[in-house]
$ cat final06.pdb   # PDB, C-alpha atoms
MODEL        1
ATOM      1  CA  MET X1027       7.529  -5.308 -30.339  1.00  0.00           C
ATOM      2  CA  LYS X1028      10.165  -5.504 -27.624  1.00  0.00           C
ATOM      3  CA  ARG X1029      12.716  -2.737 -27.626  1.00  0.00           C
ATOM      4  CA  ASN X1030      15.939  -2.849 -25.670  1.00  0.00           C
ATOM      5  CA  MET X1031      17.201   0.688 -25.958  1.00  0.00           C
ATOM      6  CA  TYR X1032      19.589   0.432 -23.007  1.00  0.00           C
ATOM      7  CA  LYS X1033      22.196  -1.603 -24.887  1.00  0.00           C
ATOM      8  CA  SER X1034      22.755   1.004 -27.583  1.00  0.00           C
ATOM      9  CA  VAL X1035      21.804   4.309 -25.914  1.00  0.00           C
ATOM     10  CA  ARG X1036      23.441   5.917 -22.898  1.00  0.00           C
ATOM     11  CA  GLU X1037      20.068   6.477 -21.252  1.00  0.00           C
ATOM     12  CA  GLN X1038      19.227   5.768 -17.629  1.00  0.00           C
ATOM     13  CA  ASP X1039      17.064   2.682 -17.064  1.00  0.00           C
ATOM     14  CA  LEU X1040      14.396   3.879 -14.599  1.00  0.00           C
ATOM     15  CA  ARG X1041      13.507   0.358 -13.440  1.00  0.00           C
ATOM     16  CA  GLU X1042      17.152  -0.279 -12.650  1.00  0.00           C
ATOM     17  CA  SER X1043      17.440   3.078 -10.866  1.00  0.00           C
ATOM     18  CA  PHE X1044      14.302   2.323  -8.836  1.00  0.00           C
ATOM     19  CA  ASP X1045      15.693  -1.100  -7.856  1.00  0.00           C
ATOM     20  CA  ASN X1046      19.038   0.439  -6.885  1.00  0.00           C
ATOM     21  CA  LEU X1047      17.436   3.139  -4.733  1.00  0.00           C
ATOM     22  CA  VAL X1048      14.598   1.187  -3.138  1.00  0.00           C
ATOM     23  CA  PHE X1049      16.097  -2.317  -2.981  1.00  0.00           C
ATOM     24  CA  GLY X1050      19.855  -1.598  -2.976  1.00  0.00           C
ATOM     25  CA  LYS X1051      20.451  -3.929  -5.945  1.00  0.00           C
ATOM     26  CA  THR X1052      23.966  -2.615  -6.653  1.00  0.00           C
ATOM     27  CA  GLY X1053      25.159  -2.828  -3.056  1.00  0.00           C
ATOM     28  CA  ASP X1054      23.766   0.538  -1.955  1.00  0.00           C
ATOM     29  CA  ILE X1055      21.749   0.839   1.240  1.00  0.00           C
ATOM     30  CA  PRO X1056      18.130  -0.130   0.415  1.00  0.00           C
ATOM     31  CA  HIS X1057      15.569   2.584   1.137  1.00  0.00           C
ATOM     32  CA  ASN X1058      12.456   0.530   1.785  1.00  0.00           C
ATOM     33  CA  HIS X1059      10.339  -1.085   4.446  1.00  0.00           C
ATOM     34  CA  LEU X1060       7.916  -3.984   4.633  1.00  0.00           C
ATOM     35  CA  VAL X1061       4.170  -3.524   4.361  1.00  0.00           C
ATOM     36  CA  LEU X1062       1.335  -5.991   3.973  1.00  0.00           C
ATOM     37  CA  LEU X1063      -0.747  -5.808   0.838  1.00  0.00           C
ATOM     38  CA  ARG X1064      -4.270  -7.043   1.591  1.00  0.00           C
ATOM     39  CA  LYS X1065      -6.091  -8.379  -1.470  1.00  0.00           C
ATOM     40  CA  ARG X1066      -9.621  -9.757  -1.540  1.00  0.00           C
ATOM     41  CA  LYS X1067      -9.945 -13.436  -2.349  1.00  0.00           C
ATOM     42  CA  GLN X1068     -11.889 -14.144  -5.503  1.00  0.00           C
ATOM     43  CA  ASP X1069     -13.725 -17.171  -6.813  1.00  0.00           C
ATOM     44  CA  SER X1070     -13.099 -18.720 -10.241  1.00  0.00           C
ATOM     45  CA  SER X1071     -15.373 -16.148 -11.918  1.00  0.00           C
ATOM     46  CA  GLY X1072     -13.473 -13.202 -10.373  1.00  0.00           C
ATOM     47  CA  ALA X1073     -16.138 -12.273  -7.800  1.00  0.00           C
ATOM     48  CA  ASP X1074     -15.039 -11.303  -4.299  1.00  0.00           C
ATOM     49  CA  ILE X1075     -15.635 -14.063  -1.746  1.00  0.00           C
ATOM     50  CA  LYS X1076     -17.844 -12.899   1.125  1.00  0.00           C
ATOM     51  CA  CYS X1077     -17.062 -14.030   4.646  1.00  0.00           C
ATOM     52  CA  ASN X1078     -19.454 -16.351   6.499  1.00  0.00           C
ATOM     53  CA  CYS X1079     -20.060 -13.589   9.060  1.00  0.00           C
ATOM     54  CA  VAL X1080     -21.936 -11.464   6.468  1.00  0.00           C
ATOM     55  CA  ASN X1081     -25.632 -11.279   7.296  1.00  0.00           C
ATOM     56  CA  LYS X1082     -27.689 -12.715   4.405  1.00  0.00           C
ATOM     57  CA  LEU X1083     -30.469 -10.149   4.893  1.00  0.00           C
ATOM     58  CA  THR X1084     -28.516  -6.922   5.502  1.00  0.00           C
ATOM     59  CA  ARG X1085     -25.362  -7.961   3.572  1.00  0.00           C
ATOM     60  CA  GLU X1086     -23.270  -6.423   6.340  1.00  0.00           C
ATOM     61  CA  PRO X1087     -20.433  -8.112   8.233  1.00  0.00           C
ATOM     62  CA  ASN X1088     -20.870  -8.878  11.883  1.00  0.00           C
ATOM     63  CA  VAL X1089     -18.518  -6.206  13.203  1.00  0.00           C
ATOM     64  CA  GLU X1090     -19.520  -6.654  16.835  1.00  0.00           C
ATOM     65  CA  LYS X1091     -18.000 -10.126  16.991  1.00  0.00           C
ATOM     66  CA  ASN X1092     -14.823  -8.921  15.198  1.00  0.00           C
ATOM     67  CA  CYS X1093     -14.605 -11.920  12.890  1.00  0.00           C
ATOM     68  CA  GLN X1094     -11.219 -13.641  12.973  1.00  0.00           C
ATOM     69  CA  PHE X1095     -11.389 -14.365   9.222  1.00  0.00           C
ATOM     70  CA  CYS X1096     -12.261 -10.942   7.765  1.00  0.00           C
ATOM     71  CA  LEU X1097     -11.645  -8.636  10.761  1.00  0.00           C
ATOM     72  CA  GLY X1098     -15.049  -7.037  10.171  1.00  0.00           C
ATOM     73  CA  GLU X1099     -14.498  -6.242   6.469  1.00  0.00           C
ATOM     74  CA  GLY X1100     -17.020  -8.739   5.111  1.00  0.00           C
ATOM     75  CA  PHE X1101     -14.711 -10.344   2.542  1.00  0.00           C
ATOM     76  CA  LEU X1102     -12.034 -13.000   2.762  1.00  0.00           C
ATOM     77  CA  TRP X1103      -8.570 -11.761   1.833  1.00  0.00           C
ATOM     78  CA  VAL X1104      -4.935 -12.685   1.543  1.00  0.00           C
ATOM     79  CA  GLU X1105      -2.083 -10.605   2.929  1.00  0.00           C
ATOM     80  CA  THR X1106       1.418 -10.748   1.457  1.00  0.00           C
ATOM     81  CA  PHE X1107       4.538  -8.817   2.396  1.00  0.00           C
ATOM     82  CA  HIS X1108       5.880  -6.273  -0.093  1.00  0.00           C
ATOM     83  CA  ARG X1109       8.823  -3.914   0.097  1.00  0.00           C
ATOM     84  CA  CYS X1110       8.157  -0.291  -0.806  1.00  0.00           C
ATOM     85  CA  TYR X1111       9.224   3.248  -0.074  1.00  0.00           C
ATOM     86  CA  SER X1112       6.699   5.568   1.538  1.00  0.00           C
ATOM     87  CA  SER X1113       6.435   9.206   2.461  1.00  0.00           C
ATOM     88  CA  MET X1114       3.868  11.206   4.395  1.00  0.00           C
ATOM     89  CA  VAL X1115       1.839  13.732   2.442  1.00  0.00           C
ATOM     90  CA  GLY X1116      -0.876  15.882   3.861  1.00  0.00           C
ATOM     91  CA  ALA X1117      -4.097  17.578   2.986  1.00  0.00           C
ATOM     92  CA  ASP X1118      -3.904  21.360   2.755  1.00  0.00           C
ATOM     93  CA  GLY X1119      -0.262  21.963   3.505  1.00  0.00           C
ATOM     94  CA  GLY X1120       1.681  18.753   3.804  1.00  0.00           C
ATOM     95  CA  LYS X1121       3.050  17.003   6.849  1.00  0.00           C
ATOM     96  CA  ALA X1122       3.126  20.147   8.982  1.00  0.00           C
ATOM     97  CA  ASN X1123      -0.662  20.356   8.755  1.00  0.00           C
ATOM     98  CA  ARG X1124      -1.522  16.681   9.266  1.00  0.00           C
ATOM     99  CA  THR X1125      -3.122  17.270  12.674  1.00  0.00           C
ATOM    100  CA  ARG X1126      -5.795  19.891  12.357  1.00  0.00           C
ATOM    101  CA  ARG X1127      -7.984  21.449  15.005  1.00  0.00           C
ATOM    102  CA  VAL X1128     -11.611  21.236  14.002  1.00  0.00           C
ATOM    103  CA  MET X1129     -14.366  22.294  16.363  1.00  0.00           C
ATOM    104  CA  PRO X1130     -15.027  20.573  18.714  1.00  0.00           C
ATOM    105  CA  GLY X1131     -11.870  18.412  18.543  1.00  0.00           C
ATOM    106  CA  VAL X1132      -8.898  17.242  16.546  1.00  0.00           C
ATOM    107  CA  ILE X1133      -8.956  15.268  13.316  1.00  0.00           C
ATOM    108  CA  ARG X1134      -5.922  13.524  11.838  1.00  0.00           C
ATOM    109  CA  THR X1135      -5.618  13.809   8.093  1.00  0.00           C
ATOM    110  CA  ASP X1136      -2.995  11.211   7.312  1.00  0.00           C
ATOM    111  CA  TYR X1137      -2.129  10.500   3.715  1.00  0.00           C
ATOM    112  CA  LYS X1138       0.875   8.613   2.414  1.00  0.00           C
ATOM    113  CA  ILE X1139       2.371   7.889  -0.923  1.00  0.00           C
ATOM    114  CA  PHE X1140       3.744   4.383  -1.395  1.00  0.00           C
ATOM    115  CA  TYR X1141       6.179   3.595  -4.214  1.00  0.00           C
ATOM    116  CA  PHE X1142       6.074  -0.006  -5.457  1.00  0.00           C
ATOM    117  CA  LYS X1143       8.008  -1.937  -8.068  1.00  0.00           C
ATOM    118  CA  PHE X1144       6.474  -1.896 -11.566  1.00  0.00           C
ATOM    119  CA  ASP X1145       5.157  -5.464 -11.309  1.00  0.00           C
ATOM    120  CA  ALA X1146       3.193  -5.016  -8.062  1.00  0.00           C
ATOM    121  CA  LYS X1147      -0.466  -5.887  -8.654  1.00  0.00           C
ATOM    122  CA  ILE X1148      -2.449  -3.261  -6.742  1.00  0.00           C
ATOM    123  CA  SER X1149      -6.120  -2.359  -7.110  1.00  0.00           C
ATOM    124  CA  TYR X1150      -8.499   0.089  -5.467  1.00  0.00           C
ATOM    125  CA  LYS X1151     -10.075  -2.774  -3.487  1.00  0.00           C
ATOM    126  CA  ASP X1152      -6.735  -3.547  -1.808  1.00  0.00           C
ATOM    127  CA  LYS X1153      -5.399  -2.140   1.431  1.00  0.00           C
ATOM    128  CA  ILE X1154      -1.848  -1.322   2.438  1.00  0.00           C
ATOM    129  CA  ILE X1155      -1.125  -2.262   6.019  1.00  0.00           C
ATOM    130  CA  GLU X1156       1.836  -0.963   7.969  1.00  0.00           C
ATOM    131  CA  VAL X1157       3.098  -3.356  10.608  1.00  0.00           C
ATOM    132  CA  ARG X1158       5.179  -2.576  13.652  1.00  0.00           C
ATOM    133  CA  LEU X1159       8.890  -2.653  12.851  1.00  0.00           C
ATOM    134  CA  ASP X1160      11.781  -2.781  15.300  1.00  0.00           C
ATOM    135  CA  ASN X1161      14.576  -0.197  15.297  1.00  0.00           C
ATOM    136  CA  GLU X1162      16.457  -2.135  12.603  1.00  0.00           C
ATOM    137  CA  GLY X1163      13.468  -2.327  10.230  1.00  0.00           C
ATOM    138  CA  ASN X1164      12.558  -5.948  10.933  1.00  0.00           C
ATOM    139  CA  VAL X1165       8.933  -6.940  11.457  1.00  0.00           C
ATOM    140  CA  SER X1166       8.202  -7.286  15.185  1.00  0.00           C
ATOM    141  CA  VAL X1167       6.893 -10.663  16.275  1.00  0.00           C
ATOM    142  CA  PRO X1168       4.087 -11.184  17.088  1.00  0.00           C
ATOM    143  CA  TYR X1169       2.841  -9.191  14.077  1.00  0.00           C
ATOM    144  CA  GLU X1170       0.991  -6.007  14.906  1.00  0.00           C
ATOM    145  CA  ARG X1171      -0.930  -4.005  12.328  1.00  0.00           C
ATOM    146  CA  ILE X1172      -0.520  -0.320  13.150  1.00  0.00           C
ATOM    147  CA  ASN X1173      -2.009   1.592  10.175  1.00  0.00           C
ATOM    148  CA  ILE X1174      -4.324   0.601   7.341  1.00  0.00           C
ATOM    149  CA  PHE X1175      -4.321   2.684   4.162  1.00  0.00           C
ATOM    150  CA  VAL X1176      -6.849   2.676   1.339  1.00  0.00           C
ATOM    151  CA  PRO X1177      -5.564   3.477  -2.183  1.00  0.00           C
ATOM    152  CA  GLU X1178      -7.172   6.607  -3.599  1.00  0.00           C
ATOM    153  CA  THR X1179      -4.971   7.107  -6.662  1.00  0.00           C
ATOM    154  CA  ILE X1180      -2.803   4.474  -8.311  1.00  0.00           C
ATOM    155  CA  GLN X1181      -0.400   6.262 -10.630  1.00  0.00           C
ATOM    156  CA  GLU X1182       1.512   4.250 -13.201  1.00  0.00           C
ATOM    157  CA  TYR X1183       4.769   6.016 -14.013  1.00  0.00           C
ATOM    158  CA  ARG X1184       5.719   5.218 -17.574  1.00  0.00           C
ATOM    159  CA  SER X1185       8.649   6.242 -19.723  1.00  0.00           C
ATOM    160  CA  ASP X1186      10.657   4.822 -22.636  1.00  0.00           C
ATOM    161  CA  TYR X1187       8.054   3.881 -25.251  1.00  0.00           C
ATOM    162  CA  GLY X1188       5.353   3.632 -22.573  1.00  0.00           C
ATOM    163  CA  ARG X1189       7.098   0.983 -20.464  1.00  0.00           C
ATOM    164  CA  LEU X1190       5.830   0.842 -16.876  1.00  0.00           C
ATOM    165  CA  GLU X1191       8.714   1.921 -14.612  1.00  0.00           C
ATOM    166  CA  TYR X1192       7.159   2.007 -11.092  1.00  0.00           C
ATOM    167  CA  LEU X1193       3.876   2.609  -9.257  1.00  0.00           C
ATOM    168  CA  ALA X1194       2.956   5.396  -6.875  1.00  0.00           C
ATOM    169  CA  VAL X1195      -0.052   4.715  -4.661  1.00  0.00           C
ATOM    170  CA  TYR X1196      -1.575   7.731  -2.946  1.00  0.00           C
ATOM    171  CA  ALA X1197      -3.447   6.345   0.051  1.00  0.00           C
ATOM    172  CA  ARG X1198      -5.641   7.643   2.867  1.00  0.00           C
ATOM    173  CA  GLU X1199      -5.427   6.179   6.326  1.00  0.00           C
ATOM    174  CA  GLU X1200      -8.591   4.138   6.844  1.00  0.00           C
ATOM    175  CA  SER X1201      -9.333   5.439  10.312  1.00  0.00           C
ATOM    176  CA  SER X1202      -8.430   9.119  10.395  1.00  0.00           C
ATOM    177  CA  VAL X1203     -10.475   9.875  13.501  1.00  0.00           C
ATOM    178  CA  ARG X1204      -9.016   7.928  16.412  1.00  0.00           C
ATOM    179  CA  ASP X1205      -7.364   8.252  19.775  1.00  0.00           C
ATOM    180  CA  ASN X1206      -3.792   9.505  19.619  1.00  0.00           C
ATOM    181  CA  LEU X1207      -2.059   6.476  21.122  1.00  0.00           C
TER     182      LEU X1207
ENDMDL
END
$ encode --input "final06.pdb" --output "structure tokens"
Amino acid sequence: MKRNMYKSVREQDLRESFDNLVFGKTGDIPHNHLVLLRKRKQDSSGADIKCNCVNKLTREPNVEKNCQFCLGEGFLWVETFHRCYSSMVGADGGKANRTRRVMPGVIRTDYKIFYFKFDAKISYKDKIIEVRLDNEGNVSVPYERINIFVPETIQEYRSDYGRLEYLAVYAREESSVRDNL
């Protein structure tokens, strides 16, 4: 049963508010940036398609050759651009505590929350990839992947009779131990 409560009630439409804030639908400045959403390719039965570099015996990808098709992940995938809003969150104290000293070195604990439109199809097998942007927010060419995030919690925010309003994806940076470039 479809309900359109916005015509008769003076209630705020959260989807519309999200679109206005994140995408600037009503002429406001959009508060978003481009990311790549990496999804595994699947065959007709819904099974993930393994890359040809995967060893038949060990079932591991050939990471030493850095496969140009799967980039060492072992599965074929498709990347598409999506606009979202993101914010840094941290373990044990927020952004101020994102670089922690741990004997004998330093470990980065980078977590982000990404807000996507209600109709974004995101799963726990996907990855969110930040690409290098110029000072105006345009994707730099040639494309350069700078951070890869793995979804840890996908929160559906619902309101008004259970209607899905937007998605929040809490994600951990895939490589949290790395050189500080």
$ atom_distance --input "final06.pdb" --atom1 "atom CA of Leu1047 of chain X" --atom2 "atom CA of Phe1144 of chain X"
13.9 Å
$ residues_around --input "final06.pdb" --residues "Phe1142 of chain X" --least-positions-apart "6" --cutoff "10 Å" --atoms "only C-alpha atoms" --output "PyMOL selection string"
chain X and resi 1044-1045+1048+1058+1108-1112+1148+1182+1191-1195
$ residues_around --input "final06.pdb" --residues "Lys1067 of chain X" --least-positions-apart "2" --cutoff "12 Å" --atoms "all atoms listed in the file" --output "PyMOL selection string"
chain X and resi 1064-1065+1069-1077+1095-1096+1100-1105+1151-1152
$ closest_residue --input "final06.pdb" --among "X:Tyr1169, X:Thr1084, X:Asn1092, X:Asp1160" --to "Phe1107 of chain X" --atoms "all atoms listed in the file"
X:Tyr1169
$ atom_distance --input "final06.pdb" --atom1 "atom CA of Thr1106 of chain X" --atom2 "atom CA of Val1061 of chain X"
8.3 Å
$ atom_distance --input "final06.pdb" --atom1 "atom CA of Asp1145 of chain X" --atom2 "atom CA of Tyr1196 of chain X"
17.0 Å
$ resolve_selection --input "final06.pdb" --expression "the PyMOL selection byres ((chain X and resi 1172) around 9)" --output "PDB file with C-alpha atoms, keeping the file's coordinate frame"
ATOM      1  CA  ILE X1155      -1.125  -2.262   6.019  1.00  0.00           C
ATOM      2  CA  GLU X1156       1.836  -0.963   7.969  1.00  0.00           C
ATOM      3  CA  VAL X1157       3.098  -3.356  10.608  1.00  0.00           C
ATOM      4  CA  ARG X1158       5.179  -2.576  13.652  1.00  0.00           C
ATOM      5  CA  GLU X1170       0.991  -6.007  14.906  1.00  0.00           C
ATOM      6  CA  ARG X1171      -0.930  -4.005  12.328  1.00  0.00           C
ATOM      7  CA  ASN X1173      -2.009   1.592  10.175  1.00  0.00           C
ATOM      8  CA  ILE X1174      -4.324   0.601   7.341  1.00  0.00           C
TER       9      ILE X1174
END
$ resolve_selection --input "final06.pdb" --expression "the PyMOL selection byres ((chain X and resi 1150) around 8)" --output "list in words"
Ile1148, Ser1149, Lys1151, Asp1152, Lys1153, Val1176, Pro1177, Glu1178, Thr1179 and Ile1180 of chain X
$ decode --input "final06.pdb" --residues "segment 1084-1111 of chain X" --atoms "N, CA and C atoms" --output "compact mmCIF listing (two decimals), in the first residue's frame"
# COMPACT_ATOMS: atom_id res chain seq x y z
N THR X 1084 45.38 -23.58 -4.40
CA THR X 1084 45.34 -22.83 -3.14
C THR X 1084 44.12 -21.90 -3.03
N ARG X 1085 43.48 -21.63 -4.18
CA ARG X 1085 42.33 -20.72 -4.25
C ARG X 1085 42.69 -19.30 -3.83
N GLU X 1086 43.94 -18.93 -4.00
CA GLU X 1086 44.41 -17.60 -3.66
C GLU X 1086 44.78 -16.84 -4.92
N PRO X 1087 44.56 -15.54 -4.95
CA PRO X 1087 44.97 -14.75 -6.12
C PRO X 1087 46.48 -14.62 -6.17
N ASN X 1088 46.98 -14.40 -7.34
CA ASN X 1088 48.41 -14.21 -7.53
C ASN X 1088 48.73 -12.75 -7.25
N VAL X 1089 48.99 -12.44 -5.99
CA VAL X 1089 49.21 -11.05 -5.59
C VAL X 1089 50.59 -10.54 -6.01
N GLU X 1090 51.53 -11.42 -6.23
CA GLU X 1090 52.87 -10.96 -6.60
C GLU X 1090 52.90 -10.36 -7.99
N LYS X 1091 52.05 -10.82 -8.88
CA LYS X 1091 52.01 -10.26 -10.23
C LYS X 1091 51.10 -9.04 -10.31
N ASN X 1092 50.36 -8.73 -9.23
CA ASN X 1092 49.44 -7.60 -9.20
C ASN X 1092 48.55 -7.59 -10.45
N CYS X 1093 47.67 -8.53 -10.52
CA CYS X 1093 46.80 -8.75 -11.67
C CYS X 1093 46.09 -7.47 -12.10
N GLN X 1094 46.12 -7.17 -13.37
CA GLN X 1094 45.48 -5.95 -13.88
C GLN X 1094 43.96 -6.05 -13.90
N PHE X 1095 43.40 -7.25 -13.77
CA PHE X 1095 41.95 -7.41 -13.79
C PHE X 1095 41.32 -7.31 -12.41
N CYS X 1096 41.96 -7.93 -11.40
CA CYS X 1096 41.37 -7.93 -10.05
C CYS X 1096 42.20 -7.15 -9.03
N LEU X 1097 43.36 -6.67 -9.42
CA LEU X 1097 44.27 -5.94 -8.53
C LEU X 1097 44.59 -6.74 -7.27
N GLY X 1098 44.71 -8.06 -7.43
CA GLY X 1098 45.10 -8.94 -6.33
C GLY X 1098 43.96 -9.35 -5.41
N GLU X 1099 42.71 -9.04 -5.76
CA GLU X 1099 41.58 -9.39 -4.89
C GLU X 1099 41.02 -10.77 -5.16
N GLY X 1100 41.27 -11.33 -6.33
CA GLY X 1100 40.82 -12.68 -6.63
C GLY X 1100 39.46 -12.78 -7.28
N PHE X 1101 38.75 -11.68 -7.40
CA PHE X 1101 37.42 -11.67 -8.03
C PHE X 1101 37.38 -10.55 -9.06
N LEU X 1102 36.59 -10.76 -10.10
CA LEU X 1102 36.35 -9.69 -11.06
C LEU X 1102 35.31 -8.75 -10.46
N TRP X 1103 35.39 -7.46 -10.79
CA TRP X 1103 34.48 -6.49 -10.22
C TRP X 1103 34.23 -5.36 -11.19
N VAL X 1104 33.23 -4.59 -10.85
CA VAL X 1104 32.85 -3.41 -11.63
C VAL X 1104 32.88 -2.21 -10.68
N GLU X 1105 33.44 -1.12 -11.15
CA GLU X 1105 33.47 0.11 -10.35
C GLU X 1105 32.58 1.15 -11.03
N THR X 1106 31.73 1.79 -10.24
CA THR X 1106 30.89 2.87 -10.74
C THR X 1106 31.00 4.06 -9.80
N PHE X 1107 30.92 5.26 -10.37
CA PHE X 1107 30.98 6.47 -9.56
C PHE X 1107 29.64 6.70 -8.86
N HIS X 1108 29.73 7.12 -7.60
CA HIS X 1108 28.56 7.50 -6.81
C HIS X 1108 28.90 8.78 -6.07
N ARG X 1109 27.90 9.60 -5.86
CA ARG X 1109 28.07 10.80 -5.04
C ARG X 1109 27.57 10.49 -3.63
N CYS X 1110 28.33 10.92 -2.63
CA CYS X 1110 27.96 10.69 -1.25
C CYS X 1110 28.54 11.80 -0.39
N TYR X 1111 28.17 11.80 0.86
CA TYR X 1111 28.78 12.66 1.86
C TYR X 1111 29.53 11.76 2.82
